[in-house]
>>> print(open('coords22.cif').read())   # mmCIF, C-alpha atoms (C1' of nucleotides)
data_structure
loop_
_atom_site.label_atom_id
_atom_site.label_comp_id
_atom_site.auth_asym_id
_atom_site.auth_seq_id
_atom_site.Cartn_x
_atom_site.Cartn_y
_atom_site.Cartn_z
CA MET A 1 -6.06 -11.31 -5.66
CA ALA A 2 -5.76 -11.18 -1.95
CA TYR A 3 -2.73 -13.34 -1.49
CA GLU A 4 -0.39 -12.65 -4.37
CA LYS A 5 1.18 -9.58 -5.89
CA LYS A 6 0.61 -8.92 -9.56
CA ILE A 7 4.10 -7.58 -10.04
CA PRO A 8 6.46 -9.43 -7.71
CA VAL A 9 9.10 -6.72 -7.55
CA ASP A 10 9.66 -3.33 -9.10
CA LEU A 11 12.31 -3.46 -11.80
CA ASP A 12 11.95 0.19 -12.78
CA CYS A 13 15.15 1.18 -11.02
CA PRO A 14 17.56 -0.37 -8.52
CA LEU A 15 16.29 1.79 -5.70
CA ARG A 16 12.68 0.80 -6.30
CA LEU A 17 13.76 -2.83 -6.58
CA THR A 18 15.28 -2.83 -3.13
CA MET A 19 12.36 -0.96 -1.67
CA SER A 20 9.82 -3.27 -3.23
CA LEU A 21 11.45 -6.26 -1.58
CA ILE A 22 11.09 -4.90 1.94
CA GLU A 23 8.45 -2.20 1.94
CA SER A 24 5.49 -4.37 2.88
CA LYS A 25 4.41 -3.72 6.40
CA TRP A 26 6.17 -6.58 8.20
CA LYS A 27 8.97 -7.71 5.90
CA SER A 28 11.68 -5.59 7.41
CA CYS A 29 10.64 -6.77 10.87
CA ILE A 30 10.70 -10.39 9.74
CA LEU A 31 14.23 -9.97 8.44
CA ASP A 32 15.16 -8.38 11.74
CA GLU A 33 13.72 -11.34 13.65
CA LEU A 34 15.59 -13.84 11.50
CA ARG A 35 18.86 -11.93 11.57
CA SER A 36 20.69 -14.34 13.87
CA GLY A 37 20.44 -17.08 11.27
CA GLU A 38 18.46 -19.33 13.59
CA ALA A 39 15.51 -21.12 12.05
CA MET A 40 12.13 -20.00 13.30
CA ARG A 41 8.72 -21.56 13.05
CA PRO A 42 5.83 -19.41 11.83
CA SER A 43 4.23 -19.52 15.26
CA GLU A 44 7.44 -18.25 16.83
CA ILE A 45 7.67 -15.38 14.38
CA HIS A 46 4.11 -14.51 15.18
CA LYS A 47 4.89 -14.47 18.88
CA CYS A 48 7.65 -11.94 18.19
CA LEU A 49 5.37 -9.80 16.03
CA PRO A 50 2.04 -10.16 17.82
CA GLU A 51 0.50 -7.17 16.06
CA ALA A 52 0.80 -8.84 12.70
CA ALA A 53 -2.08 -11.06 11.69
CA PRO A 54 -0.85 -14.63 11.09
CA ARG A 55 -2.29 -14.55 7.59
CA VAL A 56 -0.14 -11.57 6.69
CA LEU A 57 2.97 -13.29 7.93
CA ASP A 58 2.00 -16.32 5.82
CA ILE A 59 1.75 -14.23 2.72
CA GLN A 60 4.81 -12.15 3.33
CA LEU A 61 6.94 -15.14 4.25
CA LYS A 62 5.78 -16.79 1.05
CA GLU A 63 6.78 -13.79 -1.02
CA MET A 64 10.11 -13.50 0.74
CA THR A 65 10.72 -17.17 0.06
CA GLU A 66 9.97 -16.66 -3.62
CA ASP A 67 12.24 -13.63 -3.67
CA GLY A 68 15.02 -15.71 -2.13
CA LEU A 69 15.36 -13.68 1.04
CA VAL A 70 14.37 -16.55 3.31
CA SER A 71 14.31 -20.30 2.91
CA LYS A 72 11.62 -22.63 4.04
CA THR A 73 11.87 -26.18 5.33
CA VAL A 74 8.73 -28.25 5.65
CA PHE A 75 8.92 -31.28 7.91
CA PRO A 76 6.60 -34.09 6.84
CA GLU A 77 5.08 -34.40 10.27
CA LEU A 78 1.72 -34.07 11.83
CA PRO A 79 0.75 -31.67 13.17
CA PRO A 80 2.62 -29.78 10.50
CA ARG A 81 5.95 -28.16 11.19
CA SER A 82 7.97 -25.77 9.11
CA GLU A 83 10.87 -23.44 9.60
CA TYR A 84 12.11 -20.28 8.00
CA LYS A 85 15.71 -19.11 7.85
CA ILE A 86 17.31 -16.05 6.40
CA THR A 87 19.32 -16.85 3.27
CA ALA A 88 22.73 -15.56 2.21
CA LEU A 89 20.93 -13.11 -0.06
CA GLY A 90 18.66 -12.02 2.74
CA LYS A 91 21.66 -11.44 4.97
CA THR A 92 23.06 -8.95 2.49
CA LEU A 93 20.04 -6.78 3.31
CA LEU A 94 20.83 -6.72 7.03
CA PRO A 95 23.16 -3.71 6.86
CA ILE A 96 20.24 -1.77 5.39
CA ILE A 97 17.90 -3.02 8.10
CA ASP A 98 20.56 -2.11 10.68
CA ALA A 99 20.90 1.38 9.26
CA MET A 100 17.15 1.92 9.32
CA LEU A 101 16.92 0.59 12.86
CA ALA A 102 19.72 2.89 13.98
CA TRP A 103 18.22 5.87 12.19
CA GLY A 104 14.82 5.24 13.71
CA THR A 105 16.31 4.89 17.17
CA GLU A 106 18.33 8.07 16.80
CA HIS A 107 15.45 10.18 15.51
CA TYR A 108 12.57 8.54 17.30
CA ASP A 109 11.99 11.41 19.72
CA ILE A 110 11.57 13.95 16.96
CA PHE A 111 8.64 12.05 15.56
CA GLU A 112 7.31 10.99 18.92
CA ARG A 113 7.10 14.66 19.86
CA LYS A 114 5.57 15.56 16.52
CA TYR A 115 3.08 12.75 16.03
CA GLY A 116 2.91 10.91 19.36
CA LYS A 117 -0.49 10.34 20.93
CA HIS A 118 -0.05 12.54 23.98
CA ASN A 119 0.91 15.43 21.75
CA ALA A 120 -1.73 14.87 19.13
CA CYS A 121 -3.80 17.82 20.34
CA LEU A 122 -0.86 20.18 20.71
CA ALA A 123 0.88 19.49 17.45
CA PRO A 124 -1.47 21.44 15.17
CA ALA A 125 -1.57 24.41 17.53
CA LEU A 126 2.19 24.61 17.80
CA GLY A 127 2.67 24.19 14.07
CA MET B 1 -8.95 10.60 2.30
CA ALA B 2 -7.08 10.60 -0.92
CA TYR B 3 -4.47 13.17 -0.07
CA GLU B 4 -3.57 12.67 3.55
CA LYS B 5 -2.47 9.80 5.71
CA LYS B 6 -4.47 8.97 8.80
CA ILE B 7 -1.40 7.98 10.74
CA PRO B 8 1.54 10.14 9.63
CA VAL B 9 4.28 7.75 10.65
CA ASP B 10 4.51 4.41 12.37
CA LEU B 11 5.77 4.79 15.93
CA ASP B 12 5.45 1.10 16.76
CA CYS B 13 9.17 0.51 16.51
CA PRO B 14 12.21 2.39 15.20
CA LEU B 15 12.49 0.15 12.17
CA ARG B 16 8.87 0.72 11.19
CA LEU B 17 9.31 4.43 11.81
CA THR B 18 12.12 4.70 9.30
CA MET B 19 10.30 2.53 6.80
CA SER B 20 7.10 4.49 7.10
CA LEU B 21 8.92 7.70 6.21
CA ILE B 22 10.23 6.39 2.91
CA GLU B 23 8.18 3.40 1.86
CA SER B 24 5.66 5.23 -0.29
CA LYS B 25 6.21 4.52 -3.91
CA TRP B 26 8.23 7.60 -4.89
CA LYS B 27 9.64 9.01 -1.67
CA SER B 28 12.97 7.26 -1.85
CA CYS B 29 13.34 8.40 -5.46
CA ILE B 30 12.51 11.98 -4.51
CA LEU B 31 15.20 11.94 -1.84
CA ASP B 32 17.60 10.55 -4.41
CA GLU B 33 16.77 13.36 -6.83
CA LEU B 34 17.25 16.02 -4.17
CA ARG B 35 20.44 14.49 -2.79
CA SER B 36 22.77 17.16 -4.19
CA GLY B 37 21.17 19.81 -2.02
CA GLU B 38 20.08 21.86 -5.02
CA ALA B 39 16.56 23.22 -4.91
CA MET B 40 14.17 21.74 -7.43
CA ARG B 41 10.82 22.89 -8.66
CA PRO B 42 7.97 20.37 -8.71
CA SER B 43 7.95 20.36 -12.48
CA GLU B 44 11.65 19.52 -12.54
CA ILE B 45 11.17 16.66 -10.14
CA HIS B 46 8.38 15.39 -12.32
CA LYS B 47 10.65 15.51 -15.37
CA CYS B 48 13.14 13.32 -13.51
CA LEU B 49 10.42 10.89 -12.43
CA PRO B 50 8.13 10.88 -15.46
CA GLU B 51 6.36 7.69 -14.41
CA ALA B 52 5.02 9.31 -11.28
CA ALA B 53 1.75 11.15 -11.62
CA PRO B 54 2.20 14.83 -10.68
CA ARG B 55 -0.55 14.51 -8.11
CA VAL B 56 1.37 11.80 -6.28
CA LEU B 57 4.49 13.91 -6.17
CA ASP B 58 2.36 16.73 -4.75
CA ILE B 59 1.07 14.54 -1.99
CA GLN B 60 4.35 12.87 -1.19
CA LEU B 61 6.29 16.13 -1.21
CA LYS B 62 3.73 17.56 1.15
CA GLU B 63 4.09 14.64 3.53
CA MET B 64 7.87 14.79 3.34
CA THR B 65 7.70 18.49 4.11
CA GLU B 66 5.54 17.82 7.14
CA ASP B 67 7.91 15.08 8.23
CA GLY B 68 10.83 17.49 7.93
CA LEU B 69 12.70 15.58 5.25
CA VAL B 70 12.43 18.37 2.68
CA SER B 71 11.75 22.10 2.92
CA LYS B 72 9.53 24.13 0.67
CA THR B 73 9.88 27.69 -0.50
CA VAL B 74 6.94 29.37 -2.17
CA PHE B 75 7.70 32.43 -4.24
CA PRO B 76 4.84 34.91 -4.36
CA GLU B 77 4.87 35.09 -8.13
CA LEU B 78 2.54 34.37 -10.94
CA PRO B 79 2.51 31.94 -12.49
CA PRO B 80 3.29 30.24 -9.19
CA ARG B 81 6.77 29.05 -8.38
CA SER B 82 7.99 26.89 -5.55
CA GLU B 83 11.09 24.93 -4.70
CA TYR B 84 11.92 21.91 -2.63
CA LYS B 85 15.23 21.18 -0.95
CA ILE B 86 16.42 18.29 1.13
CA THR B 87 16.81 19.25 4.80
CA ALA B 88 19.59 18.34 7.21
CA LEU B 89 17.31 15.65 8.59
CA GLY B 90 16.58 14.36 5.11
CA LYS B 91 20.27 14.17 4.37
CA THR B 92 20.77 11.81 7.28
CA LEU B 93 18.65 9.33 5.34
CA LEU B 94 20.90 9.44 2.29
CA PRO B 95 23.28 6.71 3.50
CA ILE B 96 20.26 4.42 3.66
CA ILE B 97 19.14 5.46 0.19
CA ASP B 98 22.69 4.92 -1.02
CA ALA B 99 22.81 1.47 0.51
CA MET B 100 19.52 0.50 -1.12
CA LEU B 101 20.63 1.88 -4.45
CA ALA B 102 23.88 -0.04 -4.25
CA TRP B 103 22.12 -3.22 -3.18
CA GLY B 104 19.63 -2.95 -6.00
CA THR B 105 22.35 -2.35 -8.53
CA GLU B 106 24.40 -5.27 -7.28
CA HIS B 107 21.51 -7.73 -7.25
CA TYR B 108 19.48 -6.37 -10.12
CA ASP B 109 20.30 -9.21 -12.51
CA ILE B 110 19.05 -11.87 -10.11
CA PHE B 111 15.59 -10.36 -10.11
CA GLU B 112 15.67 -9.34 -13.73
CA ARG B 113 16.30 -12.99 -14.58
CA LYS B 114 13.63 -14.16 -12.20
CA TYR B 115 10.85 -11.66 -12.83
CA GLY B 116 11.87 -9.75 -15.96
CA LYS B 117 9.36 -9.50 -18.79
CA HIS B 118 11.28 -11.49 -21.36
CA ASN B 119 11.57 -14.34 -18.91
CA ALA B 120 8.08 -14.15 -17.57
CA CYS B 121 7.00 -17.26 -19.46
CA LEU B 122 10.09 -19.27 -18.58
CA ALA B 123 10.23 -18.51 -14.90
CA PRO B 124 7.37 -20.76 -13.79
CA ALA B 125 8.59 -23.63 -15.95
CA LEU B 126 12.11 -23.45 -14.62
CA GLY B 127 10.89 -23.11 -11.05
"C1'" DT C 1 -8.95 36.43 -27.31
"C1'" DC C 2 -7.13 31.86 -26.76
"C1'" DA C 3 -3.80 28.50 -25.68
"C1'" DT C 4 0.10 27.54 -22.54
"C1'" DA C 5 2.45 26.98 -18.34
"C1'" DT C 6 2.73 27.00 -13.36
"C1'" DA C 7 1.50 24.88 -8.62
"C1'" DC C 8 -1.98 23.14 -6.16
"C1'" DC C 9 -6.31 21.08 -4.69
"C1'" DG C 10 -10.67 17.93 -4.32
"C1'" DA C 11 -13.15 14.08 -5.65
"C1'" DA C 12 -13.63 9.73 -7.60
"C1'" DA C 13 -11.86 5.55 -9.54
"C1'" DA C 14 -8.57 2.00 -9.70
"C1'" DT C 15 -5.26 -0.66 -7.60
"C1'" DT C 16 -2.73 -2.66 -3.95
"C1'" DT C 17 -2.23 -4.21 0.63
"C1'" DA C 18 -3.88 -5.66 5.15
"C1'" DT C 19 -7.15 -7.99 8.02
"C1'" DT C 20 -10.67 -11.09 9.39
"C1'" DC C 21 -13.12 -15.29 9.04
"C1'" DG C 22 -13.86 -19.92 8.15
"C1'" DG C 23 -12.06 -24.28 6.59
"C1'" DT C 24 -8.40 -28.35 5.59
"C1'" DA C 25 -5.86 -32.14 7.84
"C1'" DT C 26 -4.02 -34.93 11.72
"C1'" DA C 27 -1.70 -36.19 15.98
"C1'" DC C 28 -2.02 -35.64 20.84
"C1'" DT C 29 -4.34 -35.03 25.34
"C1'" DG C 30 -8.10 -35.33 28.67
"C1'" DC D 1 -15.13 -38.51 21.60
"C1'" DA D 2 -14.12 -33.45 22.07
"C1'" DG D 3 -10.78 -30.00 22.36
"C1'" DT D 4 -6.09 -28.22 21.20
"C1'" DA D 5 -2.35 -27.15 18.35
"C1'" DT D 6 0.03 -26.88 13.96
"C1'" DA D 7 0.61 -24.69 9.11
"C1'" DC D 8 -1.69 -23.27 5.40
"C1'" DC D 9 -5.22 -21.79 2.17
"C1'" DG D 10 -9.38 -19.19 -0.08
"C1'" DA D 11 -12.59 -15.76 0.03
"C1'" DA D 12 -14.58 -11.60 1.62
"C1'" DT D 13 -13.97 -7.33 3.74
"C1'" DA D 14 -11.54 -3.27 5.13
"C1'" DA D 15 -8.20 0.06 4.59
"C1'" DA D 16 -4.61 2.42 2.42
"C1'" DT D 17 -2.34 4.08 -1.62
"C1'" DT D 18 -2.00 5.45 -6.35
"C1'" DT D 19 -3.88 7.31 -10.42
"C1'" DT D 20 -6.92 9.96 -13.22
"C1'" DC D 21 -9.75 13.80 -14.04
"C1'" DG D 22 -11.35 18.28 -13.64
"C1'" DG D 23 -10.91 22.77 -11.63
"C1'" DT D 24 -8.54 27.32 -9.40
"C1'" DA D 25 -5.73 31.42 -10.57
"C1'" DT D 26 -2.84 34.43 -13.48
"C1'" DA D 27 1.05 35.93 -16.36
"C1'" DT D 28 2.96 35.30 -20.95
"C1'" DG D 29 2.97 34.85 -25.91
"C1'" DA D 30 0.66 33.83 -30.44
#
>>> encode(input="coords22.cif", output="structure tokens")
Amino acid sequence: MAYEKKIPVDLDCPLRLTMSLIESKWKSCILDELRSGEAMRPSEIHKCLPEAAPRVLDIQLKEMTEDGLVSKTVFPELPPRSEYKITALGKTLLPIIDAMLAWGTEHYDIFERKYGKHNACLAPALG
Amino acid sequence: MAYEKKIPVDLDCPLRLTMSLIESKWKSCILDELRSGEAMRPSEIHKCLPEAAPRVLDIQLKEMTEDGLVSKTVFPELPPRSEYKITALGKTLLPIIDAMLAWGTEHYDIFERKYGKHNACLAPALG
DNA sequence: TCATATACCGAAAATTTATTCGGTATACTG
DNA sequence: CAGTATACCGAATAAATTTTCGGTATATGA
């Protein structure tokens, strides 16, 4: 199956549950984009995350809708229009997203130095 | 390559950076196991996470060591002995692990009801 | 001697996830 | 009429991750 997970979320333990809801490549970024509570159309989200293939956003938005993290409104118009909004449940994840964003910002340079492109040839030599 | 990532971490944005350090299936659990600061041997870690294949723990501990989240001590003994400890850097991730653990605990029943095995046949019918 | 335990590694298989491509439908514009 | 834009879907491919299996080496104990 290319468009649907076999096991929706991981119920093995609470930590894995939370991780499984947001660990797919773009889900945390989508939550970050929707954080204000404003509704966004798929094409808008894609403009904010241009590196993500539209199909992936489709799939991940669908999963997040099923998981209750975002809500979807489809307008019966043509050409089609739909909107996604973060839900109350989704908002409860924002402190975690915030913490990860802050952590990444604070420690970015460590990893940039270690793995960044312009240091790629030096890193192994320097250990 | 079955034992090494092509791109060690994701430097696209701080949020993705943090996620990429912990999103592999068992990394967050490993950090949780090592949280006390006590050193643990690989076999001990495996006993605490029996569902993880030892080979995966190998690989993920190696990556986490390279990323600086844990440190490794190898004792020149036979049979071989080694120990892993969470580093100062790794400890700075614990508030995030804590938050995810707390979130998962708080919202576990929602997802258990929605996706849990004993409800698997009811879920689709009830929408 | 033979099985056990330890930590680790390589290769292959299985699984999951991401990406690309082509197609649906329809209103609007030139 | 032809082209554009919208949202979405299915299928095929690519890529990444996880799992399984077998092997290294050596001390210990039966």
>>> closest_residue(input="coords22.cif", among="C:DT26, C:DT6, C:DT15, C:DT20", to="DA11 of chain D", atoms="only C-alpha atoms (C1' of nucleotides)")
C:DT20
>>> atom_distance(input="coords22.cif", atom1="atom CA of Ile59 of chain A", atom2="atom CA of Leu93 of chain A")
19.8 Å
>>> closest_residue(input="coords22.cif", among="D:DT19, D:DT26, D:DA12, D:DA5", to="DG22 of chain C", atoms="only C-alpha atoms (C1' of nucleotides)")
D:DA12
>>> interface_residues(input="coords22.cif", of="chain A", to="chain D", cutoff="12 Å", atoms="all atoms listed in the file", output="short mmCIF file (atom, residue, chain, number, x, y, z; two decimals) with C-alpha atoms, in the frame of the given file")
data_model
loop_
_atom_site.label_atom_id
_atom_site.label_comp_id
_atom_site.auth_asym_id
_atom_site.auth_seq_id
_atom_site.Cartn_x
_atom_site.Cartn_y
_atom_site.Cartn_z
CA MET A 1 -6.06 -11.31 -5.66
CA ALA A 2 -5.76 -11.18 -1.95
CA TYR A 3 -2.73 -13.34 -1.49
CA GLU A 4 -0.39 -12.65 -4.37
CA LYS A 25 4.41 -3.72 6.40
CA ARG A 41 8.72 -21.56 13.05
CA PRO A 42 5.83 -19.41 11.83
CA SER A 43 4.23 -19.52 15.26
CA GLU A 44 7.44 -18.25 16.83
CA PRO A 54 -0.85 -14.63 11.09
CA ARG A 55 -2.29 -14.55 7.59
CA VAL A 56 -0.14 -11.57 6.69
CA LEU A 57 2.97 -13.29 7.93
CA ASP A 58 2.00 -16.32 5.82
CA ILE A 59 1.75 -14.23 2.72
CA LEU A 61 6.94 -15.14 4.25
CA LYS A 62 5.78 -16.79 1.05
CA THR A 73 11.87 -26.18 5.33
CA VAL A 74 8.73 -28.25 5.65
CA PHE A 75 8.92 -31.28 7.91
CA PRO A 76 6.60 -34.09 6.84
CA GLU A 77 5.08 -34.40 10.27
CA LEU A 78 1.72 -34.07 11.83
CA PRO A 79 0.75 -31.67 13.17
CA PRO A 80 2.62 -29.78 10.50
CA ARG A 81 5.95 -28.16 11.19
CA SER A 82 7.97 -25.77 9.11
CA GLU A 83 10.87 -23.44 9.60
#
>>> closest_atom_pairs(input="coords22.cif", of="chain C", to="chain B", cutoff="8 Å", atoms="all atoms listed in the file", output="JSON lines")
{"residue": "C:DA5", "atom": "C1'", "partner": "B:Pro79", "partner_atom": "CA", "distance": 7.7}
{"residue": "C:DT6", "atom": "C1'", "partner": "B:Pro79", "partner_atom": "CA", "distance": 5.0}
{"residue": "C:DA7", "atom": "C1'", "partner": "B:Pro80", "partner_atom": "CA", "distance": 5.7}
{"residue": "C:DC8", "atom": "C1'", "partner": "B:Asp58", "partner_atom": "CA", "distance": 7.9}
>>> resolve_selection(input="coords22.cif", expression="the PyMOL selection byres ((chain B) within 8 of (chain A))", output="number ranges by chain")
B: 8-9, 11, 13-19, 23, 25, 28-29, 67, 93, 96-97, 99-105, 108, 111-112, 115-116
>>> write_last_selection(input="coords22.cif", atoms="C-alpha atoms", output="short mmCIF file (atom, residue, chain, number, x, y, z; two decimals), keeping the file's coordinate frame")
data_model
loop_
_atom_site.label_atom_id
_atom_site.label_comp_id
_atom_site.auth_asym_id
_atom_site.auth_seq_id
_atom_site.Cartn_x
_atom_site.Cartn_y
_atom_site.Cartn_z
CA PRO B 8 1.54 10.14 9.63
CA VAL B 9 4.28 7.75 10.65
CA LEU B 11 5.77 4.79 15.93
CA CYS B 13 9.17 0.51 16.51
CA PRO B 14 12.21 2.39 15.20
CA LEU B 15 12.49 0.15 12.17
CA ARG B 16 8.87 0.72 11.19
CA LEU B 17 9.31 4.43 11.81
CA THR B 18 12.12 4.70 9.30
CA MET B 19 10.30 2.53 6.80
CA GLU B 23 8.18 3.40 1.86
CA LYS B 25 6.21 4.52 -3.91
CA SER B 28 12.97 7.26 -1.85
CA CYS B 29 13.34 8.40 -5.46
CA ASP B 67 7.91 15.08 8.23
CA LEU B 93 18.65 9.33 5.34
CA ILE B 96 20.26 4.42 3.66
CA ILE B 97 19.14 5.46 0.19
CA ALA B 99 22.81 1.47 0.51
CA MET B 100 19.52 0.50 -1.12
CA LEU B 101 20.63 1.88 -4.45
CA ALA B 102 23.88 -0.04 -4.25
CA TRP B 103 22.12 -3.22 -3.18
CA GLY B 104 19.63 -2.95 -6.00
CA THR B 105 22.35 -2.35 -8.53
CA TYR B 108 19.48 -6.37 -10.12
CA PHE B 111 15.59 -10.36 -10.11
CA GLU B 112 15.67 -9.34 -13.73
CA TYR B 115 10.85 -11.66 -12.83
CA GLY B 116 11.87 -9.75 -15.96
#
>>> atom_distance(input="coords22.cif", atom1="atom C1' of DA11 of chain C", atom2="atom CA of Leu49 of chain B")
24.7 Å
>>> atom_distance(input="coords22.cif", atom1="atom CA of Ser71 of chain B", atom2="atom CA of Glu38 of chain B")
11.5 Å
>>> resolve_selection(input="coords22.cif", expression="the PyMOL selection byres ((chain A and resi 36) around 12)", output="list in words")
Ile30, Leu31, Asp32, Glu33, Leu34, Arg35, Gly37, Glu38, Ala39, Met40, Tyr84, Lys85, Ile86, Thr87, Ala88, Gly90, Lys91 and Leu94 of chain A
>>> axis_aligned_box(input="coords22.cif", around="segment 1-8 of chain D", padding_each_side="4 Å", output="JSON")
{"center_x": -7.3, "center_y": -30.9, "center_z": 13.9, "size_x": 23.7, "size_y": 23.2, "size_z": 25.0}
>>> build_atoms(input="coords22.cif", residues="segment 17-37 of chain B", atoms="N, CA and C atoms", output="PDB file, keeping the file's coordinate frame")
ATOM      1  N   LEU B  17       9.300   2.963  11.947  1.00  0.00           N
ATOM      2  CA  LEU B  17       9.310   4.430  11.810  1.00  0.00           C
ATOM      3  C   LEU B  17      10.081   4.837  10.558  1.00  0.00           C
ATOM      4  N   THR B  18      11.296   4.340  10.456  1.00  0.00           N
ATOM      5  CA  THR B  18      12.120   4.700   9.300  1.00  0.00           C
ATOM      6  C   THR B  18      11.453   4.257   8.005  1.00  0.00           C
ATOM      7  N   MET B  19      10.969   3.027   7.999  1.00  0.00           N
ATOM      8  CA  MET B  19      10.300   2.530   6.800  1.00  0.00           C
ATOM      9  C   MET B  19       9.110   3.406   6.436  1.00  0.00           C
ATOM     10  N   SER B  20       8.328   3.765   7.409  1.00  0.00           N
ATOM     11  CA  SER B  20       7.100   4.490   7.100  1.00  0.00           C
ATOM     12  C   SER B  20       7.381   5.869   6.506  1.00  0.00           C
ATOM     13  N   LEU B  21       8.573   6.400   6.771  1.00  0.00           N
ATOM     14  CA  LEU B  21       8.920   7.700   6.210  1.00  0.00           C
ATOM     15  C   LEU B  21       9.272   7.627   4.732  1.00  0.00           C
ATOM     16  N   ILE B  22       9.729   6.469   4.285  1.00  0.00           N
ATOM     17  CA  ILE B  22      10.230   6.390   2.910  1.00  0.00           C
ATOM     18  C   ILE B  22       9.587   5.320   2.053  1.00  0.00           C
ATOM     19  N   GLU B  23       8.648   4.554   2.617  1.00  0.00           N
ATOM     20  CA  GLU B  23       8.180   3.400   1.860  1.00  0.00           C
ATOM     21  C   GLU B  23       7.168   3.733   0.770  1.00  0.00           C
ATOM     22  N   SER B  24       6.589   4.915   0.793  1.00  0.00           N
ATOM     23  CA  SER B  24       5.660   5.230  -0.290  1.00  0.00           C
ATOM     24  C   SER B  24       6.393   5.232  -1.620  1.00  0.00           C
ATOM     25  N   LYS B  25       5.623   4.897  -2.619  1.00  0.00           N
ATOM     26  CA  LYS B  25       6.210   4.520  -3.910  1.00  0.00           C
ATOM     27  C   LYS B  25       7.337   5.411  -4.411  1.00  0.00           C
ATOM     28  N   TRP B  26       7.232   6.730  -4.265  1.00  0.00           N
ATOM     29  CA  TRP B  26       8.230   7.600  -4.890  1.00  0.00           C
ATOM     30  C   TRP B  26       9.122   8.357  -3.928  1.00  0.00           C
ATOM     31  N   LYS B  27       8.897   8.187  -2.622  1.00  0.00           N
ATOM     32  CA  LYS B  27       9.640   9.010  -1.670  1.00  0.00           C
ATOM     33  C   LYS B  27      11.139   8.775  -1.712  1.00  0.00           C
ATOM     34  N   SER B  28      11.532   7.527  -1.812  1.00  0.00           N
ATOM     35  CA  SER B  28      12.970   7.260  -1.850  1.00  0.00           C
ATOM     36  C   SER B  28      13.588   7.854  -3.105  1.00  0.00           C
ATOM     37  N   CYS B  29      12.845   7.811  -4.204  1.00  0.00           N
ATOM     38  CA  CYS B  29      13.340   8.400  -5.460  1.00  0.00           C
ATOM     39  C   CYS B  29      13.437   9.908  -5.360  1.00  0.00           C
ATOM     40  N   ILE B  30      12.473  10.528  -4.687  1.00  0.00           N
ATOM     41  CA  ILE B  30      12.510  11.980  -4.510  1.00  0.00           C
ATOM     42  C   ILE B  30      13.748  12.366  -3.702  1.00  0.00           C
ATOM     43  N   LEU B  31      14.005  11.650  -2.636  1.00  0.00           N
ATOM     44  CA  LEU B  31      15.200  11.940  -1.840  1.00  0.00           C
ATOM     45  C   LEU B  31      16.455  11.783  -2.695  1.00  0.00           C
ATOM     46  N   ASP B  32      16.448  10.779  -3.535  1.00  0.00           N
ATOM     47  CA  ASP B  32      17.600  10.550  -4.410  1.00  0.00           C
ATOM     48  C   ASP B  32      17.783  11.709  -5.386  1.00  0.00           C
ATOM     49  N   GLU B  33      16.680  12.233  -5.899  1.00  0.00           N
ATOM     50  CA  GLU B  33      16.770  13.360  -6.830  1.00  0.00           C
ATOM     51  C   GLU B  33      17.279  14.617  -6.146  1.00  0.00           C
ATOM     52  N   LEU B  34      16.890  14.782  -4.883  1.00  0.00           N
ATOM     53  CA  LEU B  34      17.250  16.020  -4.170  1.00  0.00           C
ATOM     54  C   LEU B  34      18.590  15.907  -3.446  1.00  0.00           C
ATOM     55  N   ARG B  35      19.262  14.780  -3.606  1.00  0.00           N
ATOM     56  CA  ARG B  35      20.440  14.490  -2.790  1.00  0.00           C
ATOM     57  C   ARG B  35      21.524  15.553  -2.869  1.00  0.00           C
ATOM     58  N   SER B  36      21.673  16.206  -4.018  1.00  0.00           N
ATOM     59  CA  SER B  36      22.770  17.160  -4.190  1.00  0.00           C
ATOM     60  C   SER B  36      22.609  18.378  -3.283  1.00  0.00           C
ATOM     61  N   GLY B  37      21.397  18.628  -2.844  1.00  0.00           N
ATOM     62  CA  GLY B  37      21.170  19.810  -2.020  1.00  0.00           C
ATOM     63  C   GLY B  37      20.603  20.971  -2.831  1.00  0.00           C
TER      64      GLY B  37
END
